Every structure is written in structure tokens, then in C-alpha cells.
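Asker: The structure file run.cif (mmCIF, C-alpha atoms) is provided below.
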```
data_structure
loop_
_atom_site.label_atom_id
_atom_site.label_comp_id
_atom_site.auth_asym_id
_atom_site.auth_seq_id
_atom_site.Cartn_x
_atom_site.Cartn_y
_atom_site.Cartn_z
CA MET C 115 185.17 -12.61 -22.78
CA ASN C 116 183.89 -12.53 -19.19
CA ARG C 117 185.65 -9.74 -17.31
CA ARG C 118 183.52 -9.96 -14.18
CA GLN C 119 185.11 -10.73 -10.82
CA THR C 120 184.63 -14.46 -10.17
CA ILE C 121 185.33 -14.34 -6.42
CA PRO C 122 182.31 -13.33 -4.29
CA LYS C 123 182.70 -9.94 -2.65
CA HIS C 124 182.77 -11.30 0.90
CA LEU C 125 185.66 -13.62 -0.02
CA ARG C 126 187.88 -11.01 -1.65
CA TYR C 127 191.09 -9.76 -0.08
CA THR C 128 193.09 -7.62 -2.48
CA ILE C 129 196.50 -5.97 -2.23
CA ASN C 130 194.67 -2.74 -1.33
CA ASP C 131 193.01 -4.52 1.60
CA PHE C 132 196.41 -5.82 2.67
CA ASN C 133 197.99 -2.35 2.54
CA ARG C 134 195.12 -0.87 4.56
CA GLN C 135 195.26 -3.55 7.26
CA PHE C 136 199.05 -3.85 7.46
CA PRO C 137 200.59 -0.50 6.46
CA THR C 138 203.58 -0.78 8.83
CA ASP C 139 205.62 -3.23 10.87
CA ASP C 140 203.86 -2.00 14.01
CA ALA C 141 200.46 -2.90 12.54
CA CYS C 142 201.72 -6.42 11.79
CA PHE C 143 203.21 -6.68 15.27
CA GLU C 144 199.95 -5.64 16.94
CA HIS C 145 198.04 -8.15 14.82
CA LEU C 146 200.45 -10.89 15.89
CA ARG C 147 200.16 -9.84 19.53
CA GLU C 148 196.37 -9.88 19.39
CA SER C 149 196.30 -13.33 17.78
CA ARG C 150 198.63 -14.77 20.42
CA PHE C 151 197.75 -12.67 23.48
CA PRO C 152 194.19 -11.35 23.02
CA ASP C 153 193.68 -8.01 24.81
CA GLY C 154 197.24 -8.23 26.13
CA VAL C 155 196.43 -11.09 28.49
CA ALA C 156 198.96 -13.93 28.58
CA TYR C 157 200.25 -16.55 30.97
CA CYS C 158 203.18 -15.30 33.06
CA GLU C 159 205.76 -17.95 33.91
CA THR C 160 206.91 -15.97 36.94
CA CYS C 161 203.50 -15.19 38.42
CA LYS C 162 202.16 -18.62 37.37
CA LYS C 163 198.88 -17.13 36.21
CA GLU C 164 197.20 -15.16 33.43
CA CYS C 165 198.26 -11.52 33.66
CA GLN C 166 197.78 -8.29 31.78
CA HIS C 167 200.84 -7.23 29.77
CA HIS C 168 201.83 -3.83 28.39
CA ARG C 169 204.06 -2.84 25.47
CA VAL C 170 207.63 -1.89 26.35
CA LYS C 171 208.45 1.37 24.59
CA GLY C 172 210.99 1.02 21.81
CA ARG C 173 211.19 -2.79 21.97
CA PRO C 174 209.12 -5.59 20.35
CA VAL C 175 208.19 -7.11 23.72
CA TYR C 176 205.45 -6.95 26.34
CA ALA C 177 206.00 -6.85 30.10
CA CYS C 178 203.83 -8.34 32.83
CA ASP C 179 201.99 -5.59 34.77
CA GLU C 180 202.80 -7.32 38.09
CA CYS C 181 206.37 -8.65 37.82
CA LEU C 182 207.65 -7.02 34.59
CA THR C 183 208.74 -10.35 33.11
CA GLN C 184 208.90 -9.83 29.37
CA ILE C 185 207.37 -11.93 26.60
CA SER C 186 207.45 -11.51 22.85
CA PRO C 187 204.67 -12.40 20.39
CA MET C 188 207.39 -13.45 17.91
CA ALA C 189 209.05 -15.92 20.29
CA GLY C 190 208.27 -19.50 19.31
CA THR C 191 207.01 -18.49 15.85
CA ILE C 192 208.58 -18.55 12.40
CA PHE C 193 209.50 -14.88 12.90
CA GLU C 194 211.78 -15.53 15.86
CA HIS C 195 215.45 -14.51 15.39
CA SER C 196 214.64 -12.99 11.99
CA SER C 197 215.98 -9.56 11.06
CA THR C 198 213.58 -9.33 8.11
CA PRO C 199 210.85 -6.71 8.69
CA LEU C 200 207.63 -8.29 9.88
CA ARG C 201 205.62 -6.62 7.11
CA LEU C 202 207.75 -8.38 4.48
CA TRP C 203 206.94 -11.70 6.16
CA TYR C 204 203.25 -10.85 6.02
CA TYR C 205 203.53 -9.78 2.39
CA ALA C 206 205.27 -13.03 1.44
CA MET C 207 202.48 -14.96 3.18
CA TYR C 208 199.89 -12.91 1.31
CA LEU C 209 201.52 -13.68 -2.04
CA MET C 210 201.81 -17.38 -1.25
CA ALA C 211 198.16 -17.61 -0.20
CA SER C 212 196.79 -15.53 -3.09
CA THR C 213 198.08 -17.68 -5.93
CA ARG C 214 196.63 -20.98 -7.05
CA CYS C 215 199.81 -22.56 -8.40
CA GLY C 216 202.40 -21.13 -6.01
CA ILE C 217 205.03 -18.42 -6.24
CA SER C 218 208.77 -18.88 -6.34
CA ALA C 219 211.35 -17.53 -3.90
CA LYS C 220 212.94 -15.74 -6.86
CA GLN C 221 209.73 -13.81 -7.42
CA ILE C 222 209.55 -12.90 -3.74
CA GLN C 223 213.12 -11.63 -4.02
CA ARG C 224 212.02 -9.34 -6.86
CA GLU C 225 208.86 -8.21 -5.04
CA THR C 226 210.43 -7.45 -1.64
CA GLY C 227 214.08 -6.69 -2.33
CA VAL C 228 215.44 -9.31 0.08
CA THR C 229 218.20 -11.68 -0.99
CA TYR C 230 217.34 -14.99 -2.60
CA LYS C 231 218.70 -16.83 0.44
CA THR C 232 216.36 -14.86 2.71
CA ALA C 233 213.37 -15.37 0.40
CA TRP C 234 214.02 -19.13 0.25
CA ARG C 235 214.31 -19.35 4.03
CA MET C 236 211.07 -17.38 4.47
CA PHE C 237 209.19 -19.77 2.20
CA ARG C 238 210.62 -22.78 3.96
CA GLN C 239 209.50 -21.39 7.31
CA ILE C 240 206.04 -20.49 6.01
CA ARG C 241 205.59 -23.96 4.53
CA SER C 242 206.34 -25.46 7.94
CA LEU C 243 202.98 -24.02 9.07
CA LEU C 244 200.98 -25.80 6.39
CA SER C 245 201.28 -29.44 7.40
CA GLU C 246 197.96 -31.10 8.30
CA SER C 247 199.30 -34.57 8.98
CA ASP C 248 196.83 -35.17 11.83
CA MET C 249 193.78 -34.47 9.65
CA GLN C 250 191.17 -37.21 9.37
CA LEU C 251 189.05 -37.38 6.21
CA GLU C 252 185.40 -37.74 7.11
CA GLY C 253 183.58 -37.99 3.78
CA GLU C 254 181.41 -40.99 2.97
CA ALA C 255 183.47 -41.58 -0.19
CA VAL C 256 187.16 -40.99 -0.79
CA GLU C 257 189.49 -41.53 -3.72
CA VAL C 258 193.00 -42.94 -3.36
CA ASP C 259 195.74 -42.79 -5.95
CA GLU C 260 199.52 -42.77 -6.10
CA ALA C 261 201.66 -40.37 -8.13
CA TYR C 262 205.35 -40.26 -8.99
CA PHE C 263 207.53 -37.16 -8.80
CA GLY C 264 211.06 -36.47 -10.02
CA GLY C 265 213.63 -38.69 -11.71
CA LYS C 266 213.85 -39.80 -15.32
CA ARG C 267 214.38 -43.11 -17.03
CA LYS C 268 217.48 -43.39 -19.17
CA SER C 269 215.36 -44.57 -22.08
CA GLY C 270 213.07 -41.54 -21.93
CA GLY C 271 209.80 -40.68 -20.21
CA GLY C 272 207.78 -42.66 -17.73
CA ARG C 273 208.43 -43.73 -14.18
CA ARG C 274 211.78 -45.32 -13.44
CA LEU C 275 211.87 -49.09 -13.11
CA ARG C 276 213.90 -51.16 -10.68
CA THR C 277 216.03 -52.46 -13.54
CA ASP C 278 217.23 -48.98 -14.47
CA LYS C 279 220.72 -48.08 -13.26
CA GLY C 280 222.60 -44.89 -12.46
CA GLU C 281 219.77 -42.50 -11.51
CA LYS C 282 217.56 -41.97 -8.49
CA TYR C 283 214.13 -43.46 -8.32
CA LYS C 284 211.01 -41.34 -8.54
CA THR C 285 209.43 -40.35 -5.23
CA VAL C 286 206.08 -42.02 -4.55
CA VAL C 287 203.26 -39.85 -3.21
CA VAL C 288 199.94 -41.23 -2.00
CA GLY C 289 196.91 -38.96 -2.29
CA VAL C 290 193.59 -39.38 -0.49
CA ALA C 291 190.74 -37.05 -1.46
CA GLU C 292 187.18 -36.62 -0.27
CA ARG C 293 184.57 -36.16 -2.96
CA LYS C 294 184.01 -32.37 -3.11
CA GLY C 295 186.13 -32.02 0.03
CA ARG C 296 189.65 -32.07 1.37
CA VAL C 297 192.78 -33.83 0.24
CA ILE C 298 195.90 -35.26 1.88
CA ALA C 299 199.13 -35.94 -0.02
CA LYS C 300 201.93 -37.88 1.64
CA ALA C 301 205.35 -38.82 0.31
CA VAL C 302 206.02 -42.50 1.08
CA PRO C 303 209.01 -44.82 0.62
CA ASP C 304 207.40 -47.08 -2.00
CA ALA C 305 204.16 -48.10 -3.70
CA LYS C 306 203.87 -51.53 -2.08
CA SER C 307 200.58 -52.83 -0.76
CA ALA C 308 201.54 -52.52 2.93
CA THR C 309 202.50 -48.85 2.48
CA LEU C 310 199.37 -47.88 0.54
CA LEU C 311 196.97 -49.69 2.86
CA GLN C 312 198.59 -48.21 5.96
CA THR C 313 198.16 -44.73 4.49
CA VAL C 314 194.46 -45.39 3.92
CA ARG C 315 194.11 -46.70 7.47
CA GLU C 316 195.82 -43.59 8.83
CA PHE C 317 193.63 -40.98 7.14
CA VAL C 318 190.32 -42.65 6.24
CA LEU C 319 187.56 -43.52 8.71
CA PRO C 320 186.30 -47.13 8.92
CA GLU C 321 183.40 -48.25 6.69
CA THR C 322 184.13 -45.54 4.12
CA THR C 323 183.71 -46.22 0.40
CA VAL C 324 187.16 -46.09 -1.22
CA PHE C 325 187.59 -45.57 -4.98
CA THR C 326 190.88 -46.55 -6.65
CA ASP C 327 192.19 -47.59 -10.04
CA GLU C 328 193.07 -51.19 -10.94
CA TYR C 329 196.55 -51.16 -9.34
CA ILE C 330 197.07 -54.60 -7.79
CA CYS C 331 198.43 -53.25 -4.50
CA TYR C 332 194.95 -51.98 -3.60
CA ASP C 333 193.54 -55.53 -3.62
CA GLY C 334 193.62 -55.80 0.16
CA LEU C 335 191.39 -52.80 0.83
CA SER C 336 188.15 -54.77 0.94
CA HIS C 337 189.68 -57.28 3.39
CA MET C 338 190.85 -54.79 6.01
CA LYS C 339 189.26 -54.93 9.46
CA GLU C 340 188.15 -51.28 9.07
CA GLY C 341 185.39 -52.54 6.77
CA TYR C 342 186.12 -50.36 3.72
CA GLU C 343 183.91 -50.79 0.65
CA HIS C 344 186.30 -50.91 -2.30
CA LYS C 345 185.29 -49.85 -5.82
CA ARG C 346 187.67 -49.67 -8.79
CA ILE C 347 187.89 -48.10 -12.21
CA ASN C 348 189.96 -49.79 -14.91
CA HIS C 349 192.15 -47.11 -16.48
CA SER C 350 194.17 -49.64 -18.48
CA SER C 351 191.00 -50.40 -20.47
CA LYS C 352 190.54 -46.70 -21.23
CA VAL C 353 187.60 -46.51 -18.83
CA TYR C 354 187.70 -43.41 -16.63
CA VAL C 355 184.14 -42.99 -15.35
CA MET C 356 181.47 -45.60 -14.71
CA GLY C 357 178.52 -44.14 -12.85
CA ASN C 358 179.93 -42.72 -9.63
CA VAL C 359 183.07 -44.85 -9.85
CA HIS C 360 186.07 -42.73 -10.81
CA THR C 361 189.21 -41.13 -9.39
CA ASN C 362 188.86 -37.79 -11.16
CA THR C 363 189.01 -35.76 -7.93
CA ILE C 364 192.47 -36.92 -6.91
CA GLU C 365 193.63 -36.96 -10.53
CA GLY C 366 192.64 -33.29 -10.79
CA PHE C 367 194.68 -32.52 -7.69
CA TRP C 368 197.72 -34.31 -9.16
CA SER C 369 197.36 -32.21 -12.30
CA LEU C 370 197.30 -29.01 -10.24
CA VAL C 371 200.40 -30.01 -8.24
CA LYS C 372 202.46 -31.24 -11.18
CA ARG C 373 201.68 -28.25 -13.37
CA GLY C 374 202.39 -25.92 -10.48
CA ILE C 375 205.73 -27.50 -9.61
CA GLY C 376 206.75 -27.75 -13.27
CA GLY C 377 205.70 -24.20 -14.14
CA VAL C 378 206.72 -22.32 -10.99
CA TYR C 379 209.43 -24.30 -9.22
CA HIS C 380 210.63 -26.41 -12.20
CA GLN C 381 211.97 -29.14 -9.92
CA VAL C 382 211.76 -30.14 -6.27
CA SER C 383 214.13 -32.46 -4.44
CA GLN C 384 212.88 -35.46 -2.52
CA LYS C 385 214.03 -33.82 0.73
CA TYR C 386 211.62 -30.88 0.40
CA LEU C 387 208.83 -32.48 -1.63
CA GLN C 388 206.55 -33.03 1.38
CA SER C 389 206.60 -29.33 2.29
CA TYR C 390 205.53 -28.41 -1.26
CA LEU C 391 202.75 -31.02 -1.12
CA ASP C 392 201.60 -29.47 2.17
CA GLU C 393 201.46 -26.06 0.49
CA TYR C 394 199.29 -27.26 -2.40
CA SER C 395 197.06 -29.30 -0.08
CA PHE C 396 196.56 -26.34 2.27
CA ARG C 397 195.38 -24.07 -0.55
CA TYR C 398 193.26 -26.80 -2.15
CA ASN C 399 191.48 -27.56 1.14
CA ARG C 400 190.56 -23.87 1.44
CA ARG C 401 189.66 -23.22 -2.18
CA GLU C 402 186.13 -22.16 -1.15
CA GLN C 403 187.59 -19.31 0.93
CA GLY C 404 188.66 -17.24 -2.07
CA ASN C 405 191.38 -14.75 -1.15
CA LEU C 406 190.74 -15.32 2.57
CA VAL C 407 193.23 -18.20 2.50
CA PHE C 408 195.67 -15.52 3.68
CA THR C 409 193.75 -15.04 6.93
CA SER C 410 193.78 -18.81 7.49
CA LEU C 411 197.54 -18.77 6.99
CA LEU C 412 197.93 -15.98 9.55
CA ARG C 413 195.97 -18.00 12.10
CA ARG C 414 198.39 -20.88 11.64
CA VAL C 415 201.22 -18.72 13.00
CA ALA C 416 199.60 -18.60 16.44
CA GLU C 417 198.31 -22.18 16.26
CA LYS C 418 201.77 -23.58 15.47
CA ALA C 419 203.70 -21.33 17.86
CA ALA C 420 205.66 -22.91 20.71
CA PRO C 421 203.69 -22.65 23.99
CA HIS C 422 206.42 -20.78 25.87
CA SER C 423 207.06 -17.23 24.69
CA LEU C 424 209.43 -15.86 27.30
CA VAL C 425 212.07 -13.44 26.18
CA PRO C 426 215.62 -14.77 26.83
CA ALA C 427 216.94 -14.25 30.36
CA GLN C 428 219.26 -11.38 29.41
CA MET C 429 216.21 -9.39 28.29
CA LYS C 430 214.39 -9.64 31.63
CA PRO C 431 214.35 -6.51 33.79
CA ALA C 432 217.45 -6.14 35.94
CA PRO C 433 216.90 -6.36 39.72
CA THR C 434 216.80 -3.06 41.56
CA ASP C 435 219.58 -2.53 44.11
CA ALA C 436 218.57 -1.55 47.62
CA PHE C 437 220.23 1.53 49.10
#
```
Let me see the structure of the file written as C-alpha cells.
Answerer:
Amino acid sequence: MNRRQTIPKHLRYTINDFNRQFPTDDACFEHLRESRFPDGVAYCETCKKECQHHRVKGRPVYACDECLTQISPMAGTIFEHSSTPLRLWYYAMYLMASTRCGISAKQIQRETGVTYKTAWRMFRQIRSLLSESDMQLEGEAVEVDEAYFGGKRKSGGGRRLRTDKGEKYKTVVVGVAERKGRVIAKAVPDAKSATLLQTVREFVLPETTVFTDEYICYDGLSHMKEGYEHKRINHSSKVYVMGNVHTNTIEGFWSLVKRGIGGVYHQVSQKYLQSYLDEYSFRYNRREQGNLVFTSLLRRVAEKAAPHSLVPAQMKPAPTDAF
């Protein structure tokens, strides 16, 4: 049995590293401030320019050196209006980024001592950072496949047919994966040709080689004005690889997602499915980073933050009366 560490040393980030870097709430706060306002320099809405800011003693805000207008690094982020200690937020993000198949809100409740309602809200907020809907796949070859999540047929297993009555349909998800690269998974209304081809057009560059299975709704790929080269593998004939023609990359991603959802979350509603897909896609697209996925997740906090970070008006310094 191989007991050696499989992650290269420069890509490791253990719980000991986390505790050293973020021992207190103040350490987390200073990290957040530095990521949003490097060296304490930020745009001041009152002065209408970049100004140096200093920490206000006893409060989680910074004040402009010139006009004393206050800003908060947490304003406009997922941490805003939260009474949960900032270190617990960071720890939840560390746990989410360090696992391959995900971690449940119930486990976070056990690890941190917060209520289940708080843990669930934290995960929902963290997942809101993980969407990469504007990403464009740039590989020379991509694989496209559809998968079906949720729902059951009355007669047993398999995807639900239109003739079935009394239960909700399965949710259709379209996946597009670069060979040895990134992946995008998008929940769509149906698996019709127009929907699938529009998804390919949205995420795949023109003149790319597109690999699919024999599903009839992919027939129009080779006739699109984007000039895609379409190659297919016939799964119904028990053929799964023919030279370089296969869809094993995206099929492997579906396996990871379905086993993760089934083993960790057990079931996911259609309403929140896209956020879970974003979580699995985010980790998959950074699988070469080892445990440093956590640092990528921390960067998303600043990248996704609202541009204006002013503290509410009642927290601005009161005017000084003249005597």
C-alpha cells in the first residue's frame, strides 16, 4: 500500500497551514482587507480619488485619512451582514475547497458548532462565488454530453419519459469539456436540438472539433455557421473509444458529480442544482492546484465583491459642531 503523499509539496495546504495563516478573526479580516484594498489604498467616494485608509480602533472598518469616510472590506461580499465569525467563514471555505466530492452543511455544523440553518446559508453564499458562466473553452477539441439529474420513473430506474404521469421530470444538464482541460456544466430546460446547439455556440469557439455520442439532437453541429468539426461515438453499439473519438472526459466528470451528490448531499432540488454544478466545476477546473484551490476560492471573494464598499450612512463620522 502506497502511503506517500500524492500532492506535490508546493501544492499542499494543510489544516496546520490554515491555522498558522488564519489563527484569529483579525488575521482573516486583515487578509480580506489586503485582498480588496492593497496597502490600505482604496477609492474614496467623498474625495473622488484613491486615498490611504487606516483601521478604526474597535470596529471592522477603515477610515479615509483625508475625510474620515468609512469603508468596510466586508461590505459587498458574502460576509456582509453576517454575525458569524469571519474565521468560521474561512474555515468553511477551506473545507469546501479541500475535498474532492464536497462536504455537507450538516458536517460543517458539526465542525464549527453553528446551527444547521447558518451552515446551509454559508454554503449557499460560498457557492455563489463559484459560477464561471462567462468562461470560454479554448481547447482544439471538446466533448459535449447531456446528463439527467433527479426524478424517478414510476416503473423503476431510468430517465423519466413524457408519457409518465404524476412526478416531476428529470433536470437536463449539458456538459462541455476540453480534453485535459476545463469543464462547464449548465442546467437547461430540455434536451432538444436548439437548446444543445445554443449551449455549444455559447461556450465553444468556432472551428473547434466537437465530440459527442450518437444522440440525434447533435446532428446539426456540423452545419452550424461556426464551422465545428463534428465526430461521434456510437454508445448504443457498445463502442466507447475509437481512436481519439470518445466522450470519456465528460463522462468522467458526470461520474464525479453524481457520486458526489449521491454520497454527500443525497439529493438536490432543481432550484439549487446549478449552484452545486458550479461547485464541482470550480474544483474540477483547478484539480492541478492540489490543496491551493482554497486560495483560488479566497480570491473569488474580492473578485465577486460589489464595487462600492461604503459603510452605511449612520456609520459615517458625525460632523463637528462649531463653537
Asker: Counting only C-alpha atoms, what is within 10 Å of C:Met356, bar same-chain residues fewer than 5 positions away, as a PyMOL selection string?
Answerer: chain C and resi 346-348
Asker: Which neighbours of stretch 134-141 of chain C fall inside 10 Å, counting all atoms listed in the file, when residues of the same chain fewer than 2 positions from it are skipped, and could you give them as a ChimeraX atom specification?
Answerer: /C:128-132,143-147,174,199-205
Asker: Step by step, gather every atom of stretch 162-179 of chain C that the file lists, find the box along x, y and z that holds them, add 6 Å on each side, and finally give centre and edge lengths in Å to one decimal, as lines of an AutoDock Vina configuration file.
Answerer:
```
center_x = 204.2
center_y = -8.6
center_z = 28.9
size_x = 26.0
size_y = 32.0
size_z = 29.0
```
Asker: Starting from the displayed file, determine the output of the PyMOL selection byres ((chain C and resi 297-304) around 8) and express the residue list as a list in words.
Answerer: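 Evaluating the PyMOL selection byres ((chain C and resi 297-304) around 8) on these coordinates yields Glu246, Ser247, Leu251, Thr285, Val286, Val287, Val288, Gly289, Val290, Ala291, Glu292, Gly295, Arg296, Ala305, Lys306, Thr309, Ile364, Leu387, Gln388, Leu391, Asp392, Ser395, Tyr398 and Asn399 of chain C.
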Asker: Produce a file of the selected residues containing C-alpha atoms, as a PDB file, keeping the file's coordinate frame.
Answerer:
```pdb
ATOM      1  CA  GLU C 246     197.960 -31.100   8.300  1.00  0.00           C
ATOM      2  CA  SER C 247     199.300 -34.570   8.980  1.00  0.00           C
ATOM      3  CA  LEU C 251     189.050 -37.380   6.210  1.00  0.00           C
ATOM      4  CA  THR C 285     209.430 -40.350  -5.230  1.00  0.00           C
ATOM      5  CA  VAL C 286     206.080 -42.020  -4.550  1.00  0.00           C
ATOM      6  CA  VAL C 287     203.260 -39.850  -3.210  1.00  0.00           C
ATOM      7  CA  VAL C 288     199.940 -41.230  -2.000  1.00  0.00           C
ATOM      8  CA  GLY C 289     196.910 -38.960  -2.290  1.00  0.00           C
ATOM      9  CA  VAL C 290     193.590 -39.380  -0.490  1.00  0.00           C
ATOM     10  CA  ALA C 291     190.740 -37.050  -1.460  1.00  0.00           C
ATOM     11  CA  GLU C 292     187.180 -36.620  -0.270  1.00  0.00           C
ATOM     12  CA  GLY C 295     186.130 -32.020   0.030  1.00  0.00           C
ATOM     13  CA  ARG C 296     189.650 -32.070   1.370  1.00  0.00           C
ATOM     14  CA  ALA C 305     204.160 -48.100  -3.700  1.00  0.00           C
ATOM     15  CA  LYS C 306     203.870 -51.530  -2.080  1.00  0.00           C
ATOM     16  CA  THR C 309     202.500 -48.850   2.480  1.00  0.00           C
ATOM     17  CA  ILE C 364     192.470 -36.920  -6.910  1.00  0.00           C
ATOM     18  CA  LEU C 387     208.830 -32.480  -1.630  1.00  0.00           C
ATOM     19  CA  GLN C 388     206.550 -33.030   1.380  1.00  0.00           C
ATOM     20  CA  LEU C 391     202.750 -31.020  -1.120  1.00  0.00           C
ATOM     21  CA  ASP C 392     201.600 -29.470   2.170  1.00  0.00           C
ATOM     22  CA  SER C 395     197.060 -29.300  -0.080  1.00  0.00           C
ATOM     23  CA  TYR C 398     193.260 -26.800  -2.150  1.00  0.00           C
ATOM     24  CA  ASN C 399     191.480 -27.560   1.140  1.00  0.00           C
TER      25      ASN C 399
END
```
Asker: Neighbouring residues of stretch 168-170 of chain C were defined as those with any atom within 9 Å, considering only C-alpha atoms; residues of the same chain fewer than 4 positions away were excluded. Please report them as a ChimeraX atom specification.
Answerer: /C:154,174-179,184
Asker: Export C-alpha atoms of the chosen residues as a PDB file, in the frame of the given file?
Answerer:
```
ATOM      1  CA  GLY C 154     197.240  -8.230  26.130  1.00  0.00           C
ATOM      2  CA  PRO C 174     209.120  -5.590  20.350  1.00  0.00           C
ATOM      3  CA  VAL C 175     208.190  -7.110  23.720  1.00  0.00           C
ATOM      4  CA  TYR C 176     205.450  -6.950  26.340  1.00  0.00           C
ATOM      5  CA  ALA C 177     206.000  -6.850  30.100  1.00  0.00           C
ATOM      6  CA  CYS C 178     203.830  -8.340  32.830  1.00  0.00           C
ATOM      7  CA  ASP C 179     201.990  -5.590  34.770  1.00  0.00           C
ATOM      8  CA  GLN C 184     208.900  -9.830  29.370  1.00  0.00           C
TER       9      GLN C 184
END
```
Asker: Expand the PyMOL selection byres ((chain C and resi 211-227) around 7) into the individual residues it matches in the shown file, reporting them as JSON, numbers by chain.
Answerer: {"C": [202, 206, 207, 208, 209, 210, 228, 229, 230, 233, 234, 237, 374, 378, 379, 405, 407, 408]}
Asker: One number please: atom CA of C:Arg235 to atom CA of C:Arg397, in Å, one decimal.
Answerer: 20.0 Å
Asker: What's the 6 Å shell around stretch 314-331 of chain C, counting only C-alpha atoms, without same-chain residues fewer than 2 positions away, as a list in words?
Answerer: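 That gives Gln250, Leu251, Glu254, Ala255, Val256, Glu257, Val258, Ser307, Leu311, Gln312, Asp333, Glu340, Gly341, Tyr342, Glu343, His344, Lys345, Arg346, Ile347 and Asn348 of chain C.
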Asker: For C:Asn358, which residue out of C:Gly376, C:Ser245, C:Arg293, C:Asp259 is the nearest one, using all atoms listed in the file?
Answerer: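 Counting all atoms listed in the file, the residue closest to C:Asn358 is C:Arg293.
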Asker: Please write the residues picked by the PyMOL selection byres ((chain C and resi 148-151) around 12) on this file as a PyMOL selection string.
Answerer: chain C and resi 141-147+152-158+164-169+175-176+178+185-191+409-410+412-423
Asker: From the set C:Ser197, C:His349, C:Pro122, C:Leu244, which residue has the shortest atom-to-atom contact distance to C:Glu365, counting only C-alpha atoms?
Answerer: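 Checking each of C:Ser197, C:His349, C:Pro122, C:Leu244 against C:Glu365, counting only C-alpha atoms, the winner is C:His349.
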Asker: In Å, how far is it from atom CA of C:Thr198 to atom CA of C:Arg173?
Answerer: 15.5 Å
Asker: Work out how far apart atom CA of C:Gly404 and atom CA of C:Thr120 are and give it in Å to one decimal.
Answerer: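 Answer for the atom CA of C:Gly404 to atom CA of C:Thr120 separation: 9.5 Å.
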